[in-house]
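**Student:** Contents of protein.cif (mmCIF, C-alpha atoms and all ligand atoms) are below:
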data_protein
#
loop_
_atom_site.group_PDB
_atom_site.id
_atom_site.type_symbol
_atom_site.label_atom_id
_atom_site.label_comp_id
_atom_site.auth_asym_id
_atom_site.auth_seq_id
_atom_site.Cartn_x
_atom_site.Cartn_y
_atom_site.Cartn_z
ATOM 1 C CA MET A 1 -68.394 54.201 -195.666
ATOM 2 C CA GLU A 2 -67.242 56.067 -192.586
ATOM 3 C CA GLN A 3 -64.218 54.518 -190.972
ATOM 4 C CA LYS A 4 -63.788 54.024 -187.261
ATOM 5 C CA LEU A 5 -61.232 56.155 -185.454
ATOM 6 C CA LYS A 6 -57.874 54.440 -185.752
ATOM 7 C CA LEU A 7 -56.485 55.471 -182.379
ATOM 8 C CA TRP A 8 -55.073 52.575 -180.398
ATOM 9 C CA PHE A 9 -53.943 52.547 -176.777
ATOM 10 C CA THR A 10 -51.626 49.941 -175.292
ATOM 11 C CA GLU A 11 -51.082 49.393 -171.602
ATOM 12 C CA HIS A 12 -47.595 47.966 -171.245
ATOM 13 C CA GLN A 13 -48.359 45.402 -168.579
ATOM 14 C CA THR A 14 -44.742 44.249 -168.531
ATOM 15 C CA GLU A 15 -41.698 45.526 -170.364
ATOM 16 C CA ASP A 16 -42.414 43.039 -173.127
ATOM 17 C CA TYR A 17 -46.155 42.528 -173.150
ATOM 18 C CA GLY A 18 -49.254 44.668 -173.404
ATOM 19 C CA ILE A 19 -52.994 44.862 -173.927
ATOM 20 C CA THR A 20 -54.362 47.056 -176.705
ATOM 21 C CA PHE A 21 -57.725 48.772 -177.123
ATOM 22 C CA ARG A 22 -59.101 50.829 -179.980
ATOM 23 C CA VAL A 23 -60.168 54.209 -178.652
ATOM 24 C CA ASN A 24 -63.204 55.962 -180.103
ATOM 25 C CA HIS A 25 -62.992 59.163 -178.150
ATOM 26 C CA VAL A 26 -60.781 60.837 -175.564
ATOM 27 C CA TYR A 27 -62.900 62.699 -173.013
ATOM 28 C CA GLU A 28 -60.115 63.803 -170.696
ATOM 29 C CA SER A 29 -56.366 63.551 -170.717
ATOM 30 C CA GLU A 30 -54.440 65.433 -168.087
ATOM 31 C CA GLN A 31 -51.753 65.439 -165.482
ATOM 32 C CA THR A 32 -53.471 65.774 -162.113
ATOM 33 C CA GLU A 33 -51.654 66.713 -158.936
ATOM 34 C CA PHE A 34 -50.899 63.015 -158.421
ATOM 35 C CA GLN A 35 -50.895 61.129 -161.687
ATOM 36 C CA ARG A 36 -51.649 61.023 -165.389
ATOM 37 C CA LEU A 37 -55.387 60.564 -165.934
ATOM 38 C CA GLU A 38 -57.252 59.552 -169.076
ATOM 39 C CA MET A 39 -60.959 58.935 -169.539
ATOM 40 C CA VAL A 40 -61.601 57.363 -172.946
ATOM 41 C CA GLU A 41 -64.341 55.620 -174.887
ATOM 42 C CA THR A 42 -63.685 52.164 -176.368
ATOM 43 C CA ASP A 43 -66.018 49.970 -178.410
ATOM 44 C CA GLU A 44 -64.952 46.736 -176.750
ATOM 45 C CA PHE A 45 -65.136 47.728 -173.067
ATOM 46 C CA GLY A 46 -67.081 51.000 -173.039
ATOM 47 C CA THR A 47 -65.863 53.982 -171.039
ATOM 48 C CA MET A 48 -62.452 53.375 -169.496
ATOM 49 C CA LEU A 49 -60.475 55.119 -166.750
ATOM 50 C CA LEU A 50 -56.682 55.043 -167.036
ATOM 51 C CA LEU A 51 -54.235 56.195 -164.370
ATOM 52 C CA ASP A 52 -50.552 56.467 -165.259
ATOM 53 C CA GLY A 53 -51.292 54.486 -168.408
ATOM 54 C CA MET A 54 -52.877 51.587 -166.487
ATOM 55 C CA VAL A 55 -56.471 50.439 -166.914
ATOM 56 C CA MET A 56 -58.313 51.090 -163.662
ATOM 57 C CA THR A 57 -61.839 50.259 -164.639
ATOM 58 C CA THR A 58 -64.140 49.883 -167.621
ATOM 59 C CA ASP A 59 -67.898 50.015 -167.895
ATOM 60 C CA ARG A 60 -68.011 46.465 -169.209
ATOM 61 C CA ASP A 61 -65.946 44.443 -166.734
ATOM 62 C CA GLU A 62 -65.896 46.667 -163.610
ATOM 63 C CA PHE A 63 -68.506 44.562 -161.851
ATOM 64 C CA VAL A 64 -66.136 41.637 -161.309
ATOM 65 C CA TYR A 65 -63.556 43.553 -159.324
ATOM 66 C CA HIS A 66 -65.978 45.781 -157.436
ATOM 67 C CA GLU A 67 -68.285 42.943 -156.373
ATOM 68 C CA MET A 68 -65.407 40.745 -155.309
ATOM 69 C CA VAL A 69 -63.695 43.462 -153.283
ATOM 70 C CA ALA A 70 -66.907 44.322 -151.437
ATOM 71 C CA HIS A 71 -69.011 41.206 -150.978
ATOM 72 C CA VAL A 72 -66.423 38.699 -149.795
ATOM 73 C CA PRO A 73 -65.518 40.647 -146.615
ATOM 74 C CA LEU A 74 -69.036 42.041 -146.110
ATOM 75 C CA PHE A 75 -70.625 38.590 -146.082
ATOM 76 C CA THR A 76 -67.800 37.272 -143.918
ATOM 77 C CA HIS A 77 -68.499 39.880 -141.221
ATOM 78 C CA PRO A 78 -71.721 39.050 -139.303
ATOM 79 C CA ASN A 79 -72.885 42.655 -138.957
ATOM 80 C CA PRO A 80 -70.825 45.222 -140.880
ATOM 81 C CA LYS A 81 -71.984 48.723 -139.995
ATOM 82 C CA SER A 82 -69.014 50.935 -140.559
ATOM 83 C CA VAL A 83 -66.916 50.560 -143.728
ATOM 84 C CA LEU A 84 -63.858 52.375 -145.067
ATOM 85 C CA VAL A 85 -62.718 52.330 -148.680
ATOM 86 C CA VAL A 86 -59.179 53.548 -149.324
ATOM 87 C CA GLY A 87 -58.758 54.713 -152.924
ATOM 88 C CA GLY A 88 -61.571 53.630 -155.213
ATOM 89 C CA GLY A 89 -62.509 57.170 -156.253
ATOM 90 C CA ASP A 90 -64.509 55.793 -159.188
ATOM 91 C CA GLY A 91 -67.093 54.703 -156.609
ATOM 92 C CA GLY A 92 -67.499 51.094 -157.793
ATOM 93 C CA VAL A 93 -66.692 49.502 -154.441
ATOM 94 C CA ILE A 94 -68.956 51.974 -152.615
ATOM 95 C CA ARG A 95 -71.847 51.085 -154.932
ATOM 96 C CA GLU A 96 -71.486 47.438 -153.905
ATOM 97 C CA VAL A 97 -71.027 48.245 -150.199
ATOM 98 C CA LEU A 98 -74.361 50.087 -150.211
ATOM 99 C CA LYS A 99 -76.149 46.875 -151.226
ATOM 100 C CA HIS A 100 -75.677 45.637 -147.649
ATOM 101 C CA PRO A 101 -78.505 46.940 -145.453
ATOM 102 C CA SER A 102 -76.467 46.572 -142.245
ATOM 103 C CA VAL A 103 -74.030 49.256 -143.455
ATOM 104 C CA GLU A 104 -74.794 52.551 -141.742
ATOM 105 C CA LYS A 105 -71.747 54.482 -142.825
ATOM 106 C CA ALA A 106 -69.259 54.124 -145.674
ATOM 107 C CA VAL A 107 -66.254 56.439 -145.830
ATOM 108 C CA LEU A 108 -64.240 56.819 -149.030
ATOM 109 C CA VAL A 109 -60.774 58.353 -148.851
ATOM 110 C CA GLU A 110 -59.434 59.067 -152.326
ATOM 111 C CA ILE A 111 -56.248 61.036 -152.799
ATOM 112 C CA ASP A 112 -57.089 62.426 -156.245
ATOM 113 C CA GLY A 113 -60.244 64.553 -156.460
ATOM 114 C CA LYS A 114 -60.076 64.456 -160.240
ATOM 115 C CA VAL A 115 -60.740 60.707 -160.230
ATOM 116 C CA ILE A 116 -63.974 61.351 -158.329
ATOM 117 C CA GLU A 117 -64.995 64.293 -160.496
ATOM 118 C CA TYR A 118 -64.475 62.548 -163.830
ATOM 119 C CA SER A 119 -65.945 59.252 -162.662
ATOM 120 C CA LYS A 120 -69.157 61.025 -161.655
ATOM 121 C CA LYS A 121 -69.242 62.696 -165.053
ATOM 122 C CA TYR A 122 -68.285 59.823 -167.366
ATOM 123 C CA LEU A 123 -68.932 56.653 -165.347
ATOM 124 C CA PRO A 124 -72.304 57.379 -163.694
ATOM 125 C CA ASN A 125 -73.220 53.695 -163.419
ATOM 126 C CA ILE A 126 -70.109 53.112 -161.355
ATOM 127 C CA ALA A 127 -69.943 56.363 -159.371
ATOM 128 C CA GLY A 128 -73.661 56.809 -158.603
ATOM 129 C CA GLY A 129 -73.386 55.624 -154.991
ATOM 130 C CA LEU A 130 -70.986 58.402 -154.041
ATOM 131 C CA ASP A 131 -73.914 60.760 -153.522
ATOM 132 C CA ASP A 132 -75.749 58.402 -151.159
ATOM 133 C CA ALA A 133 -76.565 59.771 -147.700
ATOM 134 C CA ARG A 134 -74.649 56.943 -145.990
ATOM 135 C CA VAL A 135 -71.440 57.874 -147.807
ATOM 136 C CA GLU A 136 -68.802 60.352 -146.699
ATOM 137 C CA VAL A 137 -66.281 61.235 -149.399
ATOM 138 C CA ILE A 138 -62.922 62.554 -148.226
ATOM 139 C CA VAL A 139 -60.351 63.795 -150.721
ATOM 140 C CA GLY A 140 -57.171 62.997 -148.875
ATOM 141 C CA ASP A 141 -54.393 60.574 -148.093
ATOM 142 C CA GLY A 142 -55.687 57.123 -147.138
ATOM 143 C CA PHE A 143 -52.440 56.289 -145.371
ATOM 144 C CA MET A 144 -52.833 59.275 -143.058
ATOM 145 C CA HIS A 145 -56.528 58.601 -142.504
ATOM 146 C CA ILE A 146 -55.710 55.058 -141.403
ATOM 147 C CA ALA A 147 -52.893 56.257 -139.171
ATOM 148 C CA GLU A 148 -55.348 58.452 -137.270
ATOM 149 C CA ALA A 149 -58.236 55.977 -136.922
ATOM 150 C CA VAL A 150 -58.560 53.729 -133.876
ATOM 151 C CA ASN A 151 -61.140 50.974 -133.379
ATOM 152 C CA GLU A 152 -63.491 52.565 -135.882
ATOM 153 C CA TYR A 153 -64.318 50.244 -138.763
ATOM 154 C CA ASP A 154 -65.819 46.798 -139.206
ATOM 155 C CA VAL A 155 -64.451 46.389 -142.720
ATOM 156 C CA ILE A 156 -61.672 48.226 -144.572
ATOM 157 C CA MET A 157 -61.211 47.797 -148.321
ATOM 158 C CA VAL A 158 -58.109 48.942 -150.129
ATOM 159 C CA ASP A 159 -58.959 49.711 -153.750
ATOM 160 C CA SER A 160 -55.623 51.107 -154.814
ATOM 161 C CA THR A 161 -53.603 51.387 -157.966
ATOM 162 C CA GLU A 162 -50.462 49.305 -158.208
ATOM 163 C CA PRO A 163 -47.511 50.007 -155.919
ATOM 164 C CA VAL A 164 -46.170 52.786 -158.123
ATOM 165 C CA GLY A 165 -46.951 56.494 -157.778
ATOM 166 C CA PRO A 166 -49.387 57.560 -155.045
ATOM 167 C CA ALA A 167 -50.083 53.992 -153.846
ATOM 168 C CA VAL A 168 -46.583 52.862 -152.775
ATOM 169 C CA ASN A 169 -47.349 53.390 -149.078
ATOM 170 C CA LEU A 170 -50.402 51.168 -149.313
ATOM 171 C CA PHE A 171 -48.301 48.043 -149.792
ATOM 172 C CA THR A 172 -46.287 48.237 -146.578
ATOM 173 C CA LYS A 173 -46.406 46.425 -143.249
ATOM 174 C CA GLY A 174 -46.803 49.771 -141.498
ATOM 175 C CA PHE A 175 -50.000 50.318 -143.444
ATOM 176 C CA TYR A 176 -51.378 46.878 -142.558
ATOM 177 C CA SER A 177 -50.728 47.387 -138.860
ATOM 178 C CA GLY A 178 -52.425 50.787 -139.113
ATOM 179 C CA ILE A 179 -55.384 49.016 -140.684
ATOM 180 C CA SER A 180 -55.460 46.529 -137.850
ATOM 181 C CA LYS A 181 -55.568 49.374 -135.331
ATOM 182 C CA ALA A 182 -58.274 51.205 -137.285
ATOM 183 C CA LEU A 183 -60.437 48.084 -137.303
ATOM 184 C CA LYS A 184 -62.674 46.961 -134.460
ATOM 185 C CA GLU A 185 -61.752 43.775 -132.594
ATOM 186 C CA ASP A 186 -63.480 41.514 -135.080
ATOM 187 C CA GLY A 187 -62.665 43.610 -138.141
ATOM 188 C CA ILE A 188 -61.761 42.433 -141.632
ATOM 189 C CA PHE A 189 -59.734 44.012 -144.383
ATOM 190 C CA VAL A 190 -59.223 43.278 -148.030
ATOM 191 C CA ALA A 191 -56.737 44.693 -150.522
ATOM 192 C CA GLN A 192 -56.339 44.176 -154.217
ATOM 193 C CA SER A 193 -53.030 42.336 -154.585
ATOM 194 C CA ASP A 194 -52.274 42.257 -158.304
ATOM 195 C CA ASN A 195 -51.768 39.184 -160.470
ATOM 196 C CA PRO A 196 -49.805 35.970 -160.103
ATOM 197 C CA TRP A 197 -48.384 35.883 -163.652
ATOM 198 C CA PHE A 198 -46.361 39.087 -163.693
ATOM 199 C CA THR A 199 -46.138 40.069 -160.009
ATOM 200 C CA PRO A 200 -45.871 36.815 -158.002
ATOM 201 C CA GLU A 201 -43.357 38.372 -155.607
ATOM 202 C CA LEU A 202 -45.781 41.138 -154.701
ATOM 203 C CA ILE A 203 -48.448 38.595 -153.769
ATOM 204 C CA ARG A 204 -45.914 36.651 -151.714
ATOM 205 C CA ASP A 205 -44.785 39.813 -149.889
ATOM 206 C CA VAL A 206 -48.307 40.986 -149.144
ATOM 207 C CA GLN A 207 -49.282 37.545 -147.845
ATOM 208 C CA ARG A 208 -46.201 37.408 -145.622
ATOM 209 C CA ASP A 209 -46.757 40.907 -144.196
ATOM 210 C CA VAL A 210 -50.494 40.527 -143.628
ATOM 211 C CA LYS A 211 -49.997 37.132 -141.963
ATOM 212 C CA GLU A 212 -47.768 38.725 -139.361
ATOM 213 C CA ILE A 213 -50.628 40.983 -138.321
ATOM 214 C CA PHE A 214 -53.880 39.112 -138.968
ATOM 215 C CA PRO A 215 -54.551 35.608 -137.566
ATOM 216 C CA ILE A 216 -56.673 34.725 -140.601
ATOM 217 C CA THR A 217 -54.999 35.625 -143.910
ATOM 218 C CA LYS A 218 -56.197 34.298 -147.247
ATOM 219 C CA LEU A 219 -55.964 34.913 -150.969
ATOM 220 C CA TYR A 220 -58.809 34.739 -153.468
ATOM 221 C CA ILE A 221 -59.103 35.277 -157.195
ATOM 222 C CA ALA A 222 -61.380 36.646 -159.891
ATOM 223 C CA ASN A 223 -61.262 37.041 -163.657
ATOM 224 C CA VAL A 224 -60.873 40.665 -164.770
ATOM 225 C CA PRO A 225 -60.201 40.661 -168.527
ATOM 226 C CA THR A 226 -58.782 44.193 -168.763
ATOM 227 C CA TYR A 227 -56.226 43.766 -165.938
ATOM 228 C CA PRO A 228 -52.769 42.242 -166.461
ATOM 229 C CA SER A 229 -53.106 38.501 -167.172
ATOM 230 C CA GLY A 230 -56.856 38.631 -166.494
ATOM 231 C CA LEU A 231 -56.375 36.703 -163.249
ATOM 232 C CA TRP A 232 -56.630 39.060 -160.304
ATOM 233 C CA THR A 233 -55.948 38.414 -156.620
ATOM 234 C CA PHE A 234 -57.294 39.863 -153.396
ATOM 235 C CA THR A 235 -55.715 39.451 -149.981
ATOM 236 C CA ILE A 236 -58.048 39.260 -147.019
ATOM 237 C CA GLY A 237 -56.906 39.703 -143.428
ATOM 238 C CA SER A 238 -59.329 39.028 -140.604
ATOM 239 C CA LYS A 239 -59.080 39.233 -136.820
ATOM 240 C CA LYS A 240 -61.812 36.718 -136.055
ATOM 241 C CA HIS A 241 -64.208 35.756 -138.835
ATOM 242 C CA ASP A 242 -63.105 33.166 -141.375
ATOM 243 C CA PRO A 243 -64.277 33.901 -144.950
ATOM 244 C CA LEU A 244 -64.486 30.139 -145.487
ATOM 245 C CA ALA A 245 -66.790 29.580 -142.518
ATOM 246 C CA VAL A 246 -69.768 31.783 -143.362
ATOM 247 C CA ALA A 247 -73.021 30.191 -142.192
ATOM 248 C CA PRO A 248 -75.198 29.590 -145.285
ATOM 249 C CA GLU A 249 -78.164 31.464 -143.802
ATOM 250 C CA ARG A 250 -76.058 34.632 -143.579
ATOM 251 C CA PHE A 251 -76.034 35.097 -147.356
ATOM 252 C CA HIS A 252 -78.906 37.433 -148.179
ATOM 253 C CA GLU A 253 -80.192 38.293 -151.645
ATOM 254 C CA ILE A 254 -78.343 41.056 -153.431
ATOM 255 C CA GLU A 255 -78.181 41.905 -157.095
ATOM 256 C CA THR A 256 -74.865 40.865 -158.601
ATOM 257 C CA LYS A 257 -73.359 39.795 -161.904
ATOM 258 C CA TYR A 258 -70.304 37.885 -160.659
ATOM 259 C CA TYR A 259 -70.507 37.212 -156.935
ATOM 260 C CA THR A 260 -72.658 34.329 -155.683
ATOM 261 C CA PRO A 261 -72.528 32.464 -152.363
ATOM 262 C CA GLU A 262 -71.010 29.473 -154.213
ATOM 263 C CA LEU A 263 -68.386 31.698 -155.780
ATOM 264 C CA HIS A 264 -67.580 33.267 -152.402
ATOM 265 C CA THR A 265 -66.113 29.922 -151.373
ATOM 266 C CA ALA A 266 -64.902 28.844 -154.801
ATOM 267 C CA ALA A 267 -62.807 32.003 -155.236
ATOM 268 C CA PHE A 268 -60.487 30.700 -152.512
ATOM 269 C CA ALA A 269 -59.713 27.509 -154.468
ATOM 270 C CA LEU A 270 -56.368 28.483 -155.965
ATOM 271 C CA PRO A 271 -54.421 27.058 -158.879
ATOM 272 C CA LYS A 272 -51.328 25.314 -157.497
ATOM 273 C CA PHE A 273 -48.826 27.952 -158.683
ATOM 274 C CA VAL A 274 -50.926 30.651 -157.008
ATOM 275 C CA LYS A 275 -51.450 28.677 -153.814
ATOM 276 C CA ASP A 276 -47.691 28.263 -153.591
ATOM 277 C CA LEU A 277 -47.385 32.053 -153.236
ATOM 278 C CA THR A 278 -49.382 31.932 -150.007
ATOM 279 C CA ILE A 279 -47.141 29.514 -148.086
HETATM 280 N N1 LIG B 1 -57.692 49.330 -158.857
HETATM 281 C C1 LIG B 1 -56.751 48.272 -159.223
HETATM 282 C C2 LIG B 1 -56.410 48.288 -160.663
HETATM 283 C C3 LIG B 1 -55.115 47.658 -160.996
HETATM 284 C C4 LIG B 1 -55.024 47.458 -162.456
HETATM 285 N N2 LIG B 1 -53.682 47.347 -162.897
HETATM 286 C C5 LIG B 1 -53.281 47.557 -164.165
HETATM 287 N N3 LIG B 1 -54.138 47.834 -165.082
HETATM 288 N N4 LIG B 1 -52.021 47.450 -164.437
HETATM 289 C C6 LIG B 1 -58.832 49.463 -159.659
HETATM 290 C C7 LIG B 1 -59.729 50.589 -159.280
HETATM 291 C C8 LIG B 1 -61.139 50.227 -159.558
HETATM 292 N N5 LIG B 1 -62.039 50.821 -158.660
#
Can you give me the file's structure in the form of C-alpha cells?

**Tutor:**
Amino acid sequence: MEQKLKLWFTEHQTEDYGITFRVNHVYESEQTEFQRLEMVETDEFGTMLLLDGMVMTTDRDEFVYHEMVAHVPLFTHPNPKSVLVVGGGDGGVIREVLKHPSVEKAVLVEIDGKVIEYSKKYLPNIAGGLDDARVEVIVGDGFMHIAEAVNEYDVIMVDSTEPVGPAVNLFTKGFYSGISKALKEDGIFVAQSDNPWFTPELIRDVQRDVKEIFPITKLYIANVPTYPSGLWTFTIGSKKHDPLAVAPERFHEIETKYYTPELHTAAFALPKFVKDLTI
C-alpha cells in the first residue's frame, strides 16, 4: 500500500507551543523581497499559505476570518461605497466585500506581489475576486497609501500579518490616526488583532490606541482553528456608527458560511478574560 508523504510542518505559535500539519505537497517555497513564503497542500485543511512560517490562510477555514473581517463593518455602515483593504493579498477579504451591492470601489494595497500571484494560482476560490472590475489592486506599502489618503474611504480593513516583519508599522497609533484621516466623517475601520491567549498585551495596546482616536471602539471574536489558540480577535474603530446598533432591516441576504446577523451581535459578547483586555 502506498504511504502518505511523511512531511510535517509546525508553526511555533509560542516559544513552547505549536500546531502541526502533515504536508502532501510543496508548491512554492521562497524568500520574497519581504518575507518567507510557502504554498503547501495539506490533507486536513487543503491548500495553505504560510508567511514567515505562520499560517495565513487555508482553503478549509479561510471563510471564518474573511467573512468576519468584511461583513461586520460593512453591515455596520449604512451605505459603504468605497472600501480599502490593507494587506490581504490572498483576496479573501475582497471576495467578501464584493458581496455588498453598495460597494462601488474596493482598493487592495498589498506589499508583496508574490502573495497575490501565488494566491491567484493556488487559491482560486479565495483570490477570484481580485479580477473583478470594481477592484483596484496596488502592490505597495499600505502605510504609505494610508498616509496619503484624505477623506476617501467609507470602510478600511487591515488584513495584516502579525506585528513582525513587514507589518510592524500597521500596529501603531500613527497608523490608526492615518486611517482616521483617510476615512470619511462616518467611516469605520477594522483590524485583525491577534489572540487573547498568547498575545493579550497586543490586544490591550491596540484597544488603548484605537480608543484614543475613534469614539466607538470595540473588540469581537471568531473561531479560526488554524490560527494560534483558535480564538481570534478583531478591533473595530468607528467615527459614528455603532456595530451593536444596526437596524435589523439593514441586514440583506448574502451567502456566508460563518457570518449571520445573529452572530454579528453575538461576536461582541466576550469571555470575561478577553473583555478585561478592553477596559
Ligand atoms: N492575516 C492574519 C493571520 C495571522 C495568523 N497568525 C499566525 N498564524 N500566527 C491573515 C491573512 C488572511 N487573508

**Student:** Around ligand LIG 1 (chain B), at most 6 Å away and counting all atoms listed in the file, which residues are there? Put them as a ChimeraX atom specification, please.

**Tutor:** /A:13,54-57,88,90,92,159-162,227-228

**Student:** Using only C-alpha atoms, which of the listed residues (A:Leu270, A:Ile126, A:Val168, A:Val190) sits closest to A:Ser238?

**Tutor:** A:Val190

**Student:** Need to verify the contact set: A:Glu38, 6 Å, only C-alpha atoms, exclusion of same-chain residues closer than 4 positions in sequence. Can you return it as a PyMOL selection string?

**Tutor:** chain A and resi 28-29+49-50

**Student:** From the options A:Phe143, A:Tyr258, A:Tyr122, A:Phe251, which residue's atoms come nearest to A:Pro166, counting all atoms listed in the file?

**Tutor:** A:Phe143

**Student:** Which distance in Å separates atom CA of A:Lys6 and atom CA of A:Glu117, to one decimal?

**Tutor:**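 Atom CA of A:Glu117 lies 28.0 Å from atom CA of A:Lys6.
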
**Student:** Please measure the separation of atom CA of A:Phe75 and atom CA of A:Ile138, giving the value in Å to one decimal.

**Tutor:**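 Interatomic distance here is 25.3 Å.
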
**Student:** Going by the chain IDs and residue numbers used in this file, which residues fall under the PyMOL selection byres (((chain A and resi 242) around 12) and not hetatm)? Write them as JSON, numbers by chain.

**Tutor:** {"A": [72, 73, 74, 75, 76, 77, 78, 186, 187, 188, 189, 214, 215, 216, 217, 218, 236, 237, 238, 239, 240, 241, 243, 244, 245, 246, 247, 264, 265, 268]}

**Student:** Could you tell me which of A:Glu212, A:Gly91, A:Lys184, A:Glu30 comes closest to A:Lys120 if we count all atoms listed in the file?

**Tutor:** A:Gly91

**Student:** For atom CA of A:Asp52 and atom CA of A:Leu37, quote the distance in Å rounded to one decimal.

**Tutor:** 6.4 Å

**Student:** The PyMOL selection byres (((chain A and resi 176) around 10) and not hetatm) - which residues does that actually catch in the file I just gave you? List them as a short mmCIF file (atom, residue, chain, number, x, y, z; two decimals) with C-alpha atoms, in the coordinates of the input.

**Tutor:**
data_model
loop_
_atom_site.label_atom_id
_atom_site.label_comp_id
_atom_site.auth_asym_id
_atom_site.auth_seq_id
_atom_site.Cartn_x
_atom_site.Cartn_y
_atom_site.Cartn_z
CA PHE A 143 -52.44 56.29 -145.37
CA ILE A 146 -55.71 55.06 -141.40
CA LEU A 170 -50.40 51.17 -149.31
CA PHE A 171 -48.30 48.04 -149.79
CA THR A 172 -46.29 48.24 -146.58
CA LYS A 173 -46.41 46.42 -143.25
CA GLY A 174 -46.80 49.77 -141.50
CA PHE A 175 -50.00 50.32 -143.44
CA SER A 177 -50.73 47.39 -138.86
CA GLY A 178 -52.42 50.79 -139.11
CA ILE A 179 -55.38 49.02 -140.68
CA SER A 180 -55.46 46.53 -137.85
CA LYS A 181 -55.57 49.37 -135.33
CA ALA A 182 -58.27 51.20 -137.28
CA PHE A 189 -59.73 44.01 -144.38
CA ALA A 191 -56.74 44.69 -150.52
CA VAL A 206 -48.31 40.99 -149.14
CA ASP A 209 -46.76 40.91 -144.20
CA VAL A 210 -50.49 40.53 -143.63
CA LYS A 211 -50.00 37.13 -141.96
CA GLU A 212 -47.77 38.72 -139.36
CA ILE A 213 -50.63 40.98 -138.32
CA PHE A 214 -53.88 39.11 -138.97
CA GLY A 237 -56.91 39.70 -143.43
#

**Student:** For a quick check of understanding, using only C-alpha atoms, which of A:Asn125, A:Ser229, A:Ser119, A:Thr32 has the smallest distance to A:Arg95?

**Tutor:** A:Asn125

**Student:** I need the residue nearest A:Leu98 from this list: A:Val158, A:Leu219, A:Val150, A:Ala70. Use all atoms listed in the file for the distance.

**Tutor:**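 Of A:Val158, A:Leu219, A:Val150, A:Ala70, the one nearest A:Leu98 is A:Ala70, counting all atoms listed in the file.
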
**Student:** Let me know the residues the PyMOL selection byres (((chain A and resi 154) around 7) and not hetatm) catches in the file above, as a VMD selection string.

**Tutor:** chain A and resid 80 to 83 153 155 to 156 183 to 184 187 to 188

**Student:** Given only C-alpha atoms, how would the per-residue table for stretch 6-27 of chain A near stretch 197-201 of chain A read, listing every residue at most 12 Å away with its closest atom pair and distance in Å to one decimal, sorted by chain and number, as a tab-separated table?

**Tutor:**
residue	atom	partner	partner_atom	distance
A:His12	CA	A:Phe198	CA	11.7
A:Gln13	CA	A:Phe198	CA	8.2
A:Thr14	CA	A:Phe198	CA	7.3
A:Glu15	CA	A:Phe198	CA	10.4
A:Asp16	CA	A:Phe198	CA	11.0
A:Tyr17	CA	A:Phe198	CA	10.1
A:Gly18	CA	A:Phe198	CA	11.6

**Student:** So, counting all atoms listed in the file, which residue among A:Asp61, A:Tyr27, A:Phe9, A:Glu2 is closest to A:Lys257?

**Tutor:**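 Closest candidate: A:Asp61.
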
**Student:** With 12 Å as the threshold, what does the neighbourhood of (-80.6, 45.7, -154.8) contain in terms of residues, counting only C-alpha atoms? Coordinates are those of the file; answer as an NGL selection string.

**Tutor:** :A and (95-101 or 252-257)
